[in-house]
file final01.cif (mmCIF, C-alpha atoms)
data_upload
#
loop_
_atom_site.label_atom_id
_atom_site.label_comp_id
_atom_site.auth_asym_id
_atom_site.auth_seq_id
_atom_site.Cartn_x
_atom_site.Cartn_y
_atom_site.Cartn_z
CA MET A 1 0.83 94.55 5.96
CA GLU A 2 0.00 92.27 3.10
CA LYS A 3 -2.29 90.19 5.32
CA LEU A 4 -4.05 93.31 6.54
CA SER A 5 -4.65 94.49 2.97
CA SER A 6 -6.12 91.14 2.01
CA THR A 7 -8.49 91.32 4.96
CA ARG A 8 -9.62 94.75 3.93
CA VAL A 9 -10.21 93.61 0.38
CA LEU A 10 -12.25 90.65 1.57
CA LYS A 11 -14.33 92.90 3.80
CA ALA A 12 -14.91 95.34 0.95
CA GLN A 13 -15.92 92.54 -1.39
CA SER A 14 -18.27 91.13 1.24
CA ALA A 15 -19.84 94.55 1.76
CA LYS A 16 -20.36 94.94 -1.99
CA ARG A 17 -21.99 91.52 -2.12
CA MET A 18 -24.33 92.46 0.71
CA ILE A 19 -25.25 95.72 -1.01
CA SER A 20 -25.84 93.85 -4.25
CA ILE A 21 -28.04 91.30 -2.47
CA ARG A 22 -30.01 94.06 -0.80
CA HIS A 23 -30.43 95.83 -4.16
CA GLN A 24 -31.62 92.61 -5.71
CA GLN A 25 -34.02 92.01 -2.84
CA GLY A 26 -35.31 95.60 -3.11
CA ALA A 27 -35.77 95.28 -6.86
CA ALA A 28 -37.57 91.97 -6.39
CA LEU A 29 -39.84 93.57 -3.78
CA LEU A 30 -40.58 96.51 -6.08
CA LEU A 31 -41.28 94.10 -8.92
CA ALA A 32 -43.63 92.11 -6.71
CA LEU A 33 -45.44 95.29 -5.64
CA LEU A 34 -45.68 96.39 -9.26
CA LEU A 35 -47.17 93.05 -10.22
CA VAL A 36 -49.71 93.35 -7.40
CA VAL A 37 -50.66 96.85 -8.59
CA ILE A 38 -50.94 95.70 -12.22
CA VAL A 39 -53.11 92.74 -11.28
CA GLY A 40 -55.27 94.97 -9.08
CA LEU A 41 -55.68 97.57 -11.83
CA SER A 42 -56.53 94.85 -14.33
CA ILE A 43 -59.25 93.52 -12.05
CA PHE A 44 -60.54 97.08 -11.43
CA VAL A 45 -60.56 97.97 -15.15
CA ALA A 46 -62.25 94.69 -16.00
CA GLN A 47 -64.95 95.50 -13.47
CA LEU A 48 -65.17 99.15 -14.56
CA SER A 49 -65.36 98.66 -18.33
CA PRO A 50 -68.91 97.22 -18.46
CA ALA A 51 -70.14 100.01 -16.20
CA ALA A 52 -68.36 102.65 -18.29
CA ALA A 53 -69.78 101.19 -21.49
CA LYS A 54 -73.27 101.13 -20.00
CA PHE A 55 -72.89 104.74 -18.89
CA ALA A 56 -71.77 105.81 -22.38
CA ILE A 57 -74.79 104.08 -23.95
CA GLU A 58 -77.12 105.79 -21.50
CA GLN A 59 -75.53 109.17 -22.19
CA ARG A 60 -76.07 108.78 -25.94
CA THR A 61 -79.65 107.69 -25.33
CA GLN A 62 -80.50 110.63 -23.10
CA ALA A 63 -78.89 113.08 -25.52
CA ALA A 64 -81.01 111.74 -28.41
CA LEU A 65 -84.21 111.91 -26.33
CA ALA A 66 -83.45 115.49 -25.25
CA GLN A 67 -82.76 116.60 -28.83
CA ALA A 68 -86.02 115.03 -30.02
CA LYS A 69 -87.97 116.74 -27.25
CA GLU A 70 -86.48 120.13 -28.10
CA ALA A 71 -87.30 119.65 -31.78
CA LEU A 72 -90.94 118.73 -31.11
CA ILE A 73 -91.49 121.72 -28.83
CA GLY A 74 -89.82 124.02 -31.34
CA ARG A 75 -91.96 122.68 -34.16
CA ALA A 76 -95.14 123.18 -32.12
CA ALA A 77 -94.25 126.80 -31.35
CA ALA A 78 -93.11 127.70 -34.86
CA ASP A 79 -95.98 126.09 -36.79
CA ASN A 80 -97.71 128.64 -39.00
CA ASN A 81 -100.89 126.62 -39.32
CA ARG A 82 -101.97 126.04 -35.71
CA PRO A 83 -99.22 126.51 -33.11
CA GLY A 84 -99.29 123.80 -30.47
CA SER A 85 -99.95 121.00 -32.93
CA LEU A 86 -97.51 118.12 -33.43
CA PRO A 87 -96.39 116.06 -36.44
CA CYS A 88 -97.73 112.55 -36.95
CA PRO A 89 -95.47 109.59 -36.12
CA ASP A 90 -93.53 107.76 -38.83
CA THR A 91 -95.19 104.36 -39.33
CA ASP A 92 -93.16 103.03 -42.28
CA ASN A 93 -89.62 103.88 -41.15
CA ASP A 94 -88.81 106.41 -43.86
CA GLY A 95 -88.24 109.33 -41.47
CA PHE A 96 -91.37 111.23 -42.55
CA GLU A 97 -94.69 111.56 -40.72
CA ASN A 98 -97.58 109.43 -41.99
CA GLY A 99 -101.09 110.85 -42.23
CA VAL A 100 -103.51 112.77 -44.40
CA ALA A 101 -104.07 116.49 -43.74
CA GLY A 102 -102.87 116.11 -40.16
CA ASN A 103 -105.02 113.05 -39.38
CA CYS A 104 -102.39 110.47 -38.48
CA THR A 105 -102.14 106.91 -39.73
CA ALA A 106 -101.32 105.99 -36.14
CA TYR A 107 -100.55 108.00 -33.03
CA ILE A 108 -97.52 105.96 -32.09
CA GLY A 109 -94.60 105.08 -34.34
CA ARG A 110 -91.06 106.22 -34.91
CA LEU A 111 -90.02 109.83 -34.50
CA PRO A 112 -90.45 111.57 -37.90
CA TYR A 113 -86.95 112.98 -37.83
CA LYS A 114 -86.93 114.07 -41.48
CA THR A 115 -90.18 115.97 -41.02
CA LEU A 116 -88.50 117.67 -38.06
CA ARG A 117 -85.42 118.36 -40.23
CA LEU A 118 -83.14 116.33 -38.00
CA ASP A 119 -80.54 113.70 -38.62
CA ALA A 120 -81.62 110.20 -37.67
CA LEU A 121 -81.80 110.17 -33.88
CA ARG A 122 -80.72 106.83 -32.41
CA ASP A 123 -80.34 105.60 -28.87
CA GLY A 124 -77.08 104.29 -27.44
CA ASN A 125 -77.77 100.88 -28.96
CA GLY A 126 -78.29 102.29 -32.46
CA GLU A 127 -82.10 102.06 -32.55
CA LEU A 128 -84.25 104.88 -33.94
CA LEU A 129 -86.42 106.66 -31.39
CA TRP A 130 -90.15 105.95 -31.11
CA TYR A 131 -92.82 108.55 -30.41
CA ALA A 132 -96.41 108.70 -29.17
CA MET A 133 -98.51 111.87 -29.48
CA SER A 134 -101.91 113.04 -28.35
CA SER A 135 -104.49 112.85 -31.12
CA ALA A 136 -105.95 116.05 -29.63
CA LEU A 137 -102.83 117.87 -30.86
CA ARG A 138 -102.92 116.65 -34.46
CA ASP A 139 -102.52 119.34 -37.12
CA ASN A 140 -106.08 119.25 -38.40
CA THR A 141 -109.05 121.62 -38.09
CA ALA A 142 -111.07 118.85 -36.43
CA ALA A 143 -108.69 119.03 -33.46
CA GLN A 144 -109.35 122.72 -32.82
CA PRO A 145 -109.30 124.43 -30.42
CA ILE A 146 -105.67 123.61 -29.61
CA ASN A 147 -104.57 125.69 -26.63
CA THR A 148 -103.50 125.48 -22.99
CA LEU A 149 -106.87 124.00 -21.98
CA THR A 150 -106.76 121.09 -24.43
CA VAL A 151 -107.30 117.73 -22.71
CA THR A 152 -104.75 115.46 -24.34
CA GLY A 153 -105.95 112.03 -23.21
CA LEU A 154 -102.34 110.83 -23.04
CA SER A 155 -100.60 109.81 -19.80
CA LEU A 156 -97.20 108.68 -18.57
CA ASP A 157 -96.94 106.82 -15.26
CA ALA A 158 -100.54 107.95 -14.52
CA GLN A 159 -99.61 111.60 -15.05
CA ALA A 160 -102.36 113.00 -17.25
CA ASN A 161 -102.27 115.59 -20.03
CA MET A 162 -99.03 114.57 -21.67
CA ALA A 163 -98.58 116.09 -25.10
CA ALA A 164 -96.13 113.49 -26.38
CA ILE A 165 -93.87 110.67 -25.16
CA LEU A 166 -90.48 109.63 -26.57
CA PHE A 167 -89.04 106.11 -26.34
CA ALA A 168 -85.55 104.70 -26.80
CA PRO A 169 -86.10 100.95 -27.40
CA GLY A 170 -82.68 99.67 -26.36
CA GLN A 171 -81.49 96.16 -27.21
CA PRO A 172 -84.11 93.56 -28.15
CA LEU A 173 -85.39 91.49 -25.27
CA SER A 174 -86.48 87.88 -25.29
CA GLY A 175 -89.21 87.42 -27.86
CA GLN A 176 -88.45 90.62 -29.78
CA ASN A 177 -87.34 88.83 -32.91
CA GLY A 178 -88.84 91.08 -35.58
CA ARG A 179 -86.13 93.69 -35.87
CA PRO A 180 -85.74 95.41 -38.22
CA GLY A 181 -89.45 96.01 -38.75
CA ASN A 182 -92.36 98.27 -37.88
CA ASN A 183 -94.11 96.22 -35.21
CA ARG A 184 -93.80 98.21 -32.01
CA SER A 185 -93.95 95.10 -29.79
CA ASP A 186 -90.54 94.21 -31.23
CA TYR A 187 -89.18 97.48 -29.85
CA LEU A 188 -91.26 98.67 -26.89
CA ASP A 189 -91.77 96.68 -23.72
CA GLY A 190 -94.56 95.81 -21.31
CA THR A 191 -97.73 97.84 -21.63
CA ASN A 192 -95.90 100.32 -23.90
CA ALA A 193 -96.09 97.66 -26.61
CA ILE A 194 -99.91 97.48 -26.56
CA THR A 195 -101.47 100.51 -24.90
CA ALA A 196 -103.18 103.31 -26.82
CA ASN A 197 -102.83 106.19 -24.37
CA ALA A 198 -101.43 105.14 -20.96
CA PHE A 199 -97.66 104.61 -21.13
CA VAL A 200 -95.10 103.80 -18.44
CA SER A 201 -91.44 104.22 -17.61
CA GLY A 202 -89.56 102.11 -15.12
CA PRO A 203 -86.26 100.64 -13.96
CA GLN A 204 -84.25 98.61 -16.45
CA SER A 205 -84.69 94.85 -16.16
CA ASP A 206 -84.64 91.64 -18.20
CA THR A 207 -88.24 92.35 -19.26
CA PHE A 208 -88.21 96.16 -19.63
CA ASN A 209 -85.46 98.35 -21.07
CA ASP A 210 -87.37 101.27 -22.63
CA SER A 211 -85.88 104.68 -21.83
CA VAL A 212 -88.80 107.12 -21.75
CA LEU A 213 -89.08 110.91 -21.82
CA GLY A 214 -92.42 112.73 -21.68
CA ILE A 215 -93.48 116.19 -22.84
CA GLY A 216 -96.26 117.56 -20.66
CA ARG A 217 -98.99 119.76 -22.11
CA ASP A 218 -98.09 122.68 -19.86
CA GLU A 219 -94.40 122.34 -20.71
CA LEU A 220 -95.19 122.37 -24.43
CA PHE A 221 -97.51 125.34 -24.20
CA ARG A 222 -95.14 127.47 -22.14
CA THR A 223 -93.06 127.78 -25.29
CA VAL A 224 -96.09 128.06 -27.59
CA ALA A 225 -97.43 130.85 -25.35
CA LYS A 226 -94.39 132.97 -26.20
CA ARG A 227 -95.32 132.72 -29.87
CA VAL A 228 -98.96 133.57 -29.18
CA LEU A 229 -98.08 136.62 -27.07
CA ALA A 230 -95.59 137.82 -29.67
CA GLU A 231 -98.36 137.80 -32.30
CA ILE A 232 -100.68 139.73 -30.00
CA GLY A 233 -98.05 142.23 -28.88
CA GLY A 234 -96.81 143.12 -32.33
CA PRO A 235 -93.38 143.40 -33.92
CA ASP A 236 -90.31 144.74 -32.17
CA VAL A 237 -89.41 146.71 -35.27
CA SER A 238 -91.45 149.11 -37.37
CA GLY A 239 -93.15 147.89 -40.51
CA ALA A 240 -92.12 148.47 -44.09
CA PRO A 241 -91.74 150.79 -45.89
CA ALA A 242 -89.73 153.17 -43.75
CA ASN A 243 -91.67 155.41 -41.37
CA SER A 244 -94.79 153.24 -41.50
CA PRO A 245 -96.57 152.10 -38.31
CA PRO A 246 -96.06 148.60 -36.86
CA ASP A 247 -97.59 145.86 -39.00
CA PHE A 248 -99.80 144.11 -36.44
CA GLY A 249 -100.86 143.58 -32.83
CA LEU A 250 -101.14 145.95 -29.89
CA ARG A 251 -98.37 148.09 -31.29
CA ARG A 252 -100.37 148.62 -34.45
CA TYR A 253 -103.50 149.36 -32.39
CA HIS A 254 -101.51 151.96 -30.47
CA ALA A 255 -100.32 153.63 -33.68
CA ASP A 256 -103.78 153.49 -35.32
CA ASN A 257 -105.70 154.89 -32.34
CA GLY A 258 -104.06 158.05 -31.21
CA ASN A 259 -101.11 156.40 -29.43
CA ILE A 260 -103.17 154.61 -26.79
CA PHE A 261 -103.71 150.96 -25.91
CA PRO A 262 -107.29 149.65 -25.56
CA ASP A 263 -108.84 149.55 -22.10
CA ALA A 264 -109.03 146.14 -20.43
CA ASP A 265 -111.99 143.74 -20.61
CA THR A 266 -113.40 143.24 -17.11
CA ASP A 267 -116.53 141.20 -17.89
CA ASN A 268 -115.02 138.57 -20.20
CA ASP A 269 -117.06 139.52 -23.26
CA GLY A 270 -114.03 140.42 -25.35
CA TRP A 271 -114.83 144.17 -25.44
CA SER A 272 -112.89 146.84 -23.58
CA ASN A 273 -114.48 148.51 -20.57
CA PRO A 274 -113.83 152.27 -20.40
CA GLY A 275 -111.18 153.16 -17.84
CA ALA A 276 -110.30 149.56 -16.94
CA MET A 277 -106.57 149.03 -16.50
CA THR A 278 -106.52 145.30 -15.63
CA GLY A 279 -108.52 142.33 -16.86
CA LYS A 280 -108.65 140.21 -19.97
CA LEU A 281 -107.41 141.11 -23.44
CA PRO A 282 -110.07 143.21 -25.24
CA TRP A 283 -109.65 141.08 -28.33
CA ARG A 284 -112.87 142.14 -30.05
CA ASN A 285 -111.46 145.65 -30.24
CA MET A 286 -108.50 144.25 -32.17
CA THR A 287 -110.19 141.79 -34.55
CA LEU A 288 -112.86 142.25 -37.16
CA PRO A 289 -116.10 142.41 -35.09
CA ALA A 290 -118.70 139.80 -35.95
CA THR A 291 -121.54 142.24 -35.16
CA PRO A 292 -121.64 146.02 -34.70
CA THR A 293 -122.94 145.77 -31.11
CA PRO A 294 -121.69 146.23 -28.55
CA PRO A 295 -119.40 148.66 -30.32
CA PRO A 296 -115.70 148.55 -29.51
CA ALA A 297 -114.29 151.52 -27.65
CA SER A 298 -112.20 152.33 -30.70
CA PRO A 299 -113.75 150.73 -33.81
CA LEU A 300 -111.06 149.29 -36.04
CA ASN A 301 -111.30 148.36 -39.66
CA PRO A 302 -109.51 146.24 -40.65
CA SER A 303 -108.28 143.94 -37.89
CA VAL A 304 -104.91 144.78 -36.36
CA PHE A 305 -103.82 141.16 -36.89
CA GLU A 306 -102.35 139.66 -40.01
CA ALA A 307 -105.05 137.46 -41.56
CA THR A 308 -103.35 134.07 -41.11
CA ALA A 309 -102.43 134.75 -37.49
CA GLU A 310 -105.93 136.04 -36.73
CA GLY A 311 -107.29 132.82 -38.20
CA TRP A 312 -105.45 130.49 -35.83
CA LEU A 313 -105.64 132.86 -32.86
CA THR A 314 -109.44 132.98 -33.03
CA ALA A 315 -110.11 129.42 -34.23
CA ASN A 316 -108.06 127.97 -31.37
CA GLY A 317 -109.50 130.19 -28.67
CA TRP A 318 -106.23 131.85 -27.70
CA LEU A 319 -107.39 135.46 -27.39
CA PRO A 320 -109.91 135.04 -24.50
CA LEU A 321 -107.24 133.23 -22.44
CA VAL A 322 -104.85 136.19 -22.31
CA ASN A 323 -104.65 138.39 -19.22
CA TYR A 324 -103.98 142.04 -19.93
CA SER A 325 -103.03 145.15 -18.00
CA ILE A 326 -101.95 148.70 -18.78
CA LEU A 327 -99.12 150.22 -16.78
CA THR A 328 -98.05 153.83 -16.53
CA VAL A 329 -94.97 153.32 -14.32
CA PRO A 330 -92.10 153.38 -15.12
CA THR A 331 -93.38 154.06 -18.64
CA TYR A 332 -96.61 153.66 -20.52
CA GLN A 333 -96.83 150.01 -21.56
CA ALA A 334 -99.05 146.93 -21.62
CA THR A 335 -98.47 143.49 -20.10
CA LEU A 336 -99.76 140.25 -21.60
CA THR A 337 -99.81 136.98 -19.61
CA LEU A 338 -100.65 133.46 -20.77
CA ASN A 339 -99.90 130.08 -19.18
CA GLY A 340 -97.45 131.64 -16.73
CA VAL A 341 -95.58 133.49 -19.48
CA SER A 342 -95.58 137.30 -19.59
CA ILE A 343 -94.33 139.89 -22.04
CA THR A 344 -94.23 143.67 -21.83
CA VAL A 345 -95.35 145.64 -24.88
CA LYS A 346 -93.87 149.12 -25.11
CA PRO A 347 -95.29 151.33 -27.86
CA CYS A 348 -93.23 152.41 -30.81
CA ALA A 349 -92.23 156.04 -31.04
CA PRO A 350 -94.62 158.31 -32.98
CA LEU A 351 -93.91 158.75 -36.67
CA PRO A 352 -91.49 159.35 -38.21
CA LEU A 353 -89.86 156.18 -36.85
CA SER A 354 -86.10 156.38 -36.73
CA GLN A 355 -85.29 153.28 -34.69
CA PRO A 356 -86.74 149.87 -33.77
CA CYS A 357 -89.63 149.69 -31.33
CA PRO A 358 -88.39 149.31 -27.72
CA GLN A 359 -88.00 145.79 -26.37
#
call {"tool": "encode", "arguments": {"input": "final01.cif", "output": "structure tokens"}}
result
Amino acid sequence: MEKLSSTRVLKAQSAKRMISIRHQQGAALLLALLLVVIVGLSIFVAQLSPAAAKFAIEQRTQAALAQAKEALIGRAAADNNRPGSLPCPDTDNDGFENGVAGNCTAYIGRLPYKTLRLDALRDGNGELLWYAMSSALRDNTAAQPINTLTVTGLSLDAQANMAAILFAPGQPLSGQNGRPGNNRSDYLDGTNAITANAFVSGPQSDTFNDSVLGIGRDELFRTVAKRVLAEIGGPDVSGAPANSPPDFGLRRYHADNGNIFPDADTDNDGWSNPGAMTGKLPWRNMTLPATPTPPPASPLNPSVFEATAEGWLTANGWLPLVNYSILTVPTYQATLTLNGVSITVKPCAPLPLSQPCPQ
């Protein structure tokens, strides 16, 4: 019995040793697999990090370019002097545009972010954005007329009629040793460093790393057209004081002329043609006529436009460009169309006005 017990003990001890060895072998195998995974992840992360960093830089660059583009378009549409015009570039790196009475010191320089009421916009490498604009869109009377037909003389990748072009310079390339400074060849690459009007974009390389974003004339003026049509249509709320007619535009014409809109202009002379429902805007019926003949269908004195708006509307040739139609279904209303943008003008209720004019 004693011998049998010893045998059993030896067998049990041997089994425990085998289990222990197997556990040790399993742990060693798991450790080896873990090391393989760690090494693999390290190699993957090492390869991924430069790409992730490059992507983050590009994201910051594109965000800055997009914000600058939005600000320039907004400024052009909101300008109270001549909508559609653009600010001069900043040529001395103080954040403000440089020029005299809208005539620019240069038509390429840094983005005038302070003039645009922005924080300093920098690309992913920390460089301030650069900006080229069409001299045809400068904020000066000599540039008039500024409208959808303006030939800008500025191109990007051979695409004509660009209004403006934005550049993110990126890191300095070989030979660009003048940073910080105001020499554009130390920031912009290739032909962008020397051209006056024909700029390019392209793939990133050892000799070109400009990130470029253009603003086309038509794109700019789609937003500006909304401003123009709003001035022509009139306010969405009644004027002041209470129970007074709308201040300006077609809505004022409607209130001043027996609650009717003017007939359309069908022969492009600016005067309404009796009974015409579709054509051009009869703008001479709405402004102060230069001569008494031919007489407007409904002579108006004074103009239905506020004086400042009438000044830039007429000086920049906006009014003859507007298509106009009168609708009776579903309700009596007028439609204005310019550069692919349309608005509907519904008349205000007859006096006394108790609510805003319909949208």
call {"tool": "resolve_selection", "arguments": {"input": "final01.cif", "expression": "the PyMOL selection byres ((chain A and resi 134) around 9)", "output": "PyMOL selection string"}}
result
chain A and resi 86+107+132-133+135-138+152-154+161-165+197
call {"tool": "closest_residue", "arguments": {"input": "final01.cif", "among": "A:Pro145, A:Gly214, A:Gly275, A:Pro112", "to": "Ser85 in chain A", "atoms": "only C-alpha atoms"}}
result
A:Pro145
call {"tool": "closest_residue", "arguments": {"input": "final01.cif", "among": "A:Tyr324, A:Arg227, A:Asp247, A:Gly74", "to": "Asp265 in chain A", "atoms": "all atoms listed in the file"}}
result
A:Tyr324
call {"tool": "residues_around", "arguments": {"input": "final01.cif", "residues": "Trp283 in chain A", "least_positions_apart": "4", "cutoff": "10 Å", "atoms": "only C-alpha atoms", "output": "list in words"}}
result
Ile232, Leu250, Pro262, Ala264, Asp265, Asp269, Gly270, Trp271, Ser272, Thr287, Leu288, Pro289, Pro296, Thr314, Trp318, Leu319, Pro320 and Val322 of chain A
call {"tool": "resolve_selection", "arguments": {"input": "final01.cif", "expression": "the PyMOL selection byres ((chain A and resi 73) around 10)", "output": "PDB file with C-alpha atoms, keeping the file's coordinate frame"}}
result
ATOM      1  CA  ALA A  68     -86.020 115.030 -30.020  1.00  0.00           C
ATOM      2  CA  LYS A  69     -87.970 116.740 -27.250  1.00  0.00           C
ATOM      3  CA  GLU A  70     -86.480 120.130 -28.100  1.00  0.00           C
ATOM      4  CA  ALA A  71     -87.300 119.650 -31.780  1.00  0.00           C
ATOM      5  CA  LEU A  72     -90.940 118.730 -31.110  1.00  0.00           C
ATOM      6  CA  GLY A  74     -89.820 124.020 -31.340  1.00  0.00           C
ATOM      7  CA  ARG A  75     -91.960 122.680 -34.160  1.00  0.00           C
ATOM      8  CA  ALA A  76     -95.140 123.180 -32.120  1.00  0.00           C
ATOM      9  CA  ALA A  77     -94.250 126.800 -31.350  1.00  0.00           C
ATOM     10  CA  ALA A  78     -93.110 127.700 -34.860  1.00  0.00           C
ATOM     11  CA  GLY A  84     -99.290 123.800 -30.470  1.00  0.00           C
ATOM     12  CA  SER A  85     -99.950 121.000 -32.930  1.00  0.00           C
ATOM     13  CA  LEU A  86     -97.510 118.120 -33.430  1.00  0.00           C
ATOM     14  CA  ALA A 163     -98.580 116.090 -25.100  1.00  0.00           C
ATOM     15  CA  ALA A 164     -96.130 113.490 -26.380  1.00  0.00           C
ATOM     16  CA  ILE A 215     -93.480 116.190 -22.840  1.00  0.00           C
ATOM     17  CA  GLU A 219     -94.400 122.340 -20.710  1.00  0.00           C
ATOM     18  CA  LEU A 220     -95.190 122.370 -24.430  1.00  0.00           C
ATOM     19  CA  PHE A 221     -97.510 125.340 -24.200  1.00  0.00           C
ATOM     20  CA  ARG A 222     -95.140 127.470 -22.140  1.00  0.00           C
ATOM     21  CA  THR A 223     -93.060 127.780 -25.290  1.00  0.00           C
ATOM     22  CA  VAL A 224     -96.090 128.060 -27.590  1.00  0.00           C
TER      23      VAL A 224
END
call {"tool": "atom_distance", "arguments": {"input": "final01.cif", "atom1": "CA of Tyr253 in chain A", "atom2": "CA of Asp79 in chain A"}}
result
24.8 Å
call {"tool": "residues_around", "arguments": {"input": "final01.cif", "residues": "Asp189 in chain A", "least_positions_apart": "6", "cutoff": "12 Å", "atoms": "all atoms listed in the file", "output": "list in words"}}
result
Trp130, Phe167, Ala168, Pro169, Gly170, Gln171, Pro172, Leu173, Ser174, Gly175, Gln176, Asn183, Thr195, Phe199, Val200, Ser201, Gly202, Pro203, Gln204, Ser205, Asp206, Thr207, Phe208, Asn209, Asp210, Ser211 and Val212 of chain A
call {"tool": "write_last_selection", "arguments": {"input": "final01.cif", "atoms": "C-alpha atoms", "output": "short mmCIF file (atom, residue, chain, number, x, y, z; two decimals), in the frame of the given file"}}
result
data_model
loop_
_atom_site.label_atom_id
_atom_site.label_comp_id
_atom_site.auth_asym_id
_atom_site.auth_seq_id
_atom_site.Cartn_x
_atom_site.Cartn_y
_atom_site.Cartn_z
CA TRP A 130 -90.15 105.95 -31.11
CA PHE A 167 -89.04 106.11 -26.34
CA ALA A 168 -85.55 104.70 -26.80
CA PRO A 169 -86.10 100.95 -27.40
CA GLY A 170 -82.68 99.67 -26.36
CA GLN A 171 -81.49 96.16 -27.21
CA PRO A 172 -84.11 93.56 -28.15
CA LEU A 173 -85.39 91.49 -25.27
CA SER A 174 -86.48 87.88 -25.29
CA GLY A 175 -89.21 87.42 -27.86
CA GLN A 176 -88.45 90.62 -29.78
CA ASN A 183 -94.11 96.22 -35.21
CA THR A 195 -101.47 100.51 -24.90
CA PHE A 199 -97.66 104.61 -21.13
CA VAL A 200 -95.10 103.80 -18.44
CA SER A 201 -91.44 104.22 -17.61
CA GLY A 202 -89.56 102.11 -15.12
CA PRO A 203 -86.26 100.64 -13.96
CA GLN A 204 -84.25 98.61 -16.45
CA SER A 205 -84.69 94.85 -16.16
CA ASP A 206 -84.64 91.64 -18.20
CA THR A 207 -88.24 92.35 -19.26
CA PHE A 208 -88.21 96.16 -19.63
CA ASN A 209 -85.46 98.35 -21.07
CA ASP A 210 -87.37 101.27 -22.63
CA SER A 211 -85.88 104.68 -21.83
CA VAL A 212 -88.80 107.12 -21.75
#
call {"tool": "resolve_selection", "arguments": {"input": "final01.cif", "expression": "the PyMOL selection byres ((chain A and resi 104) around 9)", "output": "PyMOL selection string"}}
result
chain A and resi 87-89+97-103+105-107+135+138-139
call {"tool": "build_atoms", "arguments": {"input": "final01.cif", "residues": "range 226-239 of chain A", "atoms": "N, CA and C atoms", "output": "JSON list (two decimals), keeping the file's coordinate frame"}}
result
[["chain", "number", "residue", "atom", "x", "y", "z"],
["A", 226, "LYS", "N", -95.27, 131.87, -25.80],
["A", 226, "LYS", "CA", -94.39, 132.97, -26.20],
["A", 226, "LYS", "C", -94.70, 133.39, -27.63],
["A", 227, "ARG", "N", -94.96, 132.42, -28.49],
["A", 227, "ARG", "CA", -95.32, 132.72, -29.87],
["A", 227, "ARG", "C", -96.65, 133.46, -29.94],
["A", 228, "VAL", "N", -97.63, 132.96, -29.18],
["A", 228, "VAL", "CA", -98.96, 133.57, -29.18],
["A", 228, "VAL", "C", -98.88, 135.02, -28.71],
["A", 229, "LEU", "N", -98.18, 135.26, -27.61],
["A", 229, "LEU", "CA", -98.08, 136.62, -27.07],
["A", 229, "LEU", "C", -97.32, 137.54, -28.01],
["A", 230, "ALA", "N", -96.33, 137.00, -28.72],
["A", 230, "ALA", "CA", -95.59, 137.82, -29.67],
["A", 230, "ALA", "C", -96.50, 138.29, -30.81],
["A", 231, "GLU", "N", -97.41, 137.42, -31.26],
["A", 231, "GLU", "CA", -98.36, 137.80, -32.30],
["A", 231, "GLU", "C", -99.33, 138.87, -31.80],
["A", 232, "ILE", "N", -99.73, 138.76, -30.56],
["A", 232, "ILE", "CA", -100.68, 139.73, -30.00],
["A", 232, "ILE", "C", -99.99, 141.06, -29.72],
["A", 233, "GLY", "N", -98.76, 141.00, -29.24],
["A", 233, "GLY", "CA", -98.05, 142.23, -28.88],
["A", 233, "GLY", "C", -97.65, 143.06, -30.08],
["A", 234, "GLY", "N", -97.26, 142.40, -31.15],
["A", 234, "GLY", "CA", -96.81, 143.12, -32.33],
["A", 234, "GLY", "C", -95.31, 143.08, -32.47],
["A", 235, "PRO", "N", -94.81, 143.53, -33.61],
["A", 235, "PRO", "CA", -93.38, 143.40, -33.92],
["A", 235, "PRO", "C", -92.52, 144.33, -33.06],
["A", 236, "ASP", "N", -91.27, 143.92, -32.90],
["A", 236, "ASP", "CA", -90.31, 144.74, -32.17],
["A", 236, "ASP", "C", -89.65, 145.78, -33.07],
["A", 237, "VAL", "N", -89.93, 145.72, -34.35],
["A", 237, "VAL", "CA", -89.41, 146.71, -35.27],
["A", 237, "VAL", "C", -90.57, 147.28, -36.07],
["A", 238, "SER", "N", -90.39, 148.47, -36.59],
["A", 238, "SER", "CA", -91.45, 149.11, -37.37],
["A", 238, "SER", "C", -91.65, 148.37, -38.68],
["A", 239, "GLY", "N", -92.83, 148.56, -39.26],
["A", 239, "GLY", "CA", -93.15, 147.89, -40.51],
["A", 239, "GLY", "C", -92.44, 148.50, -41.70]]
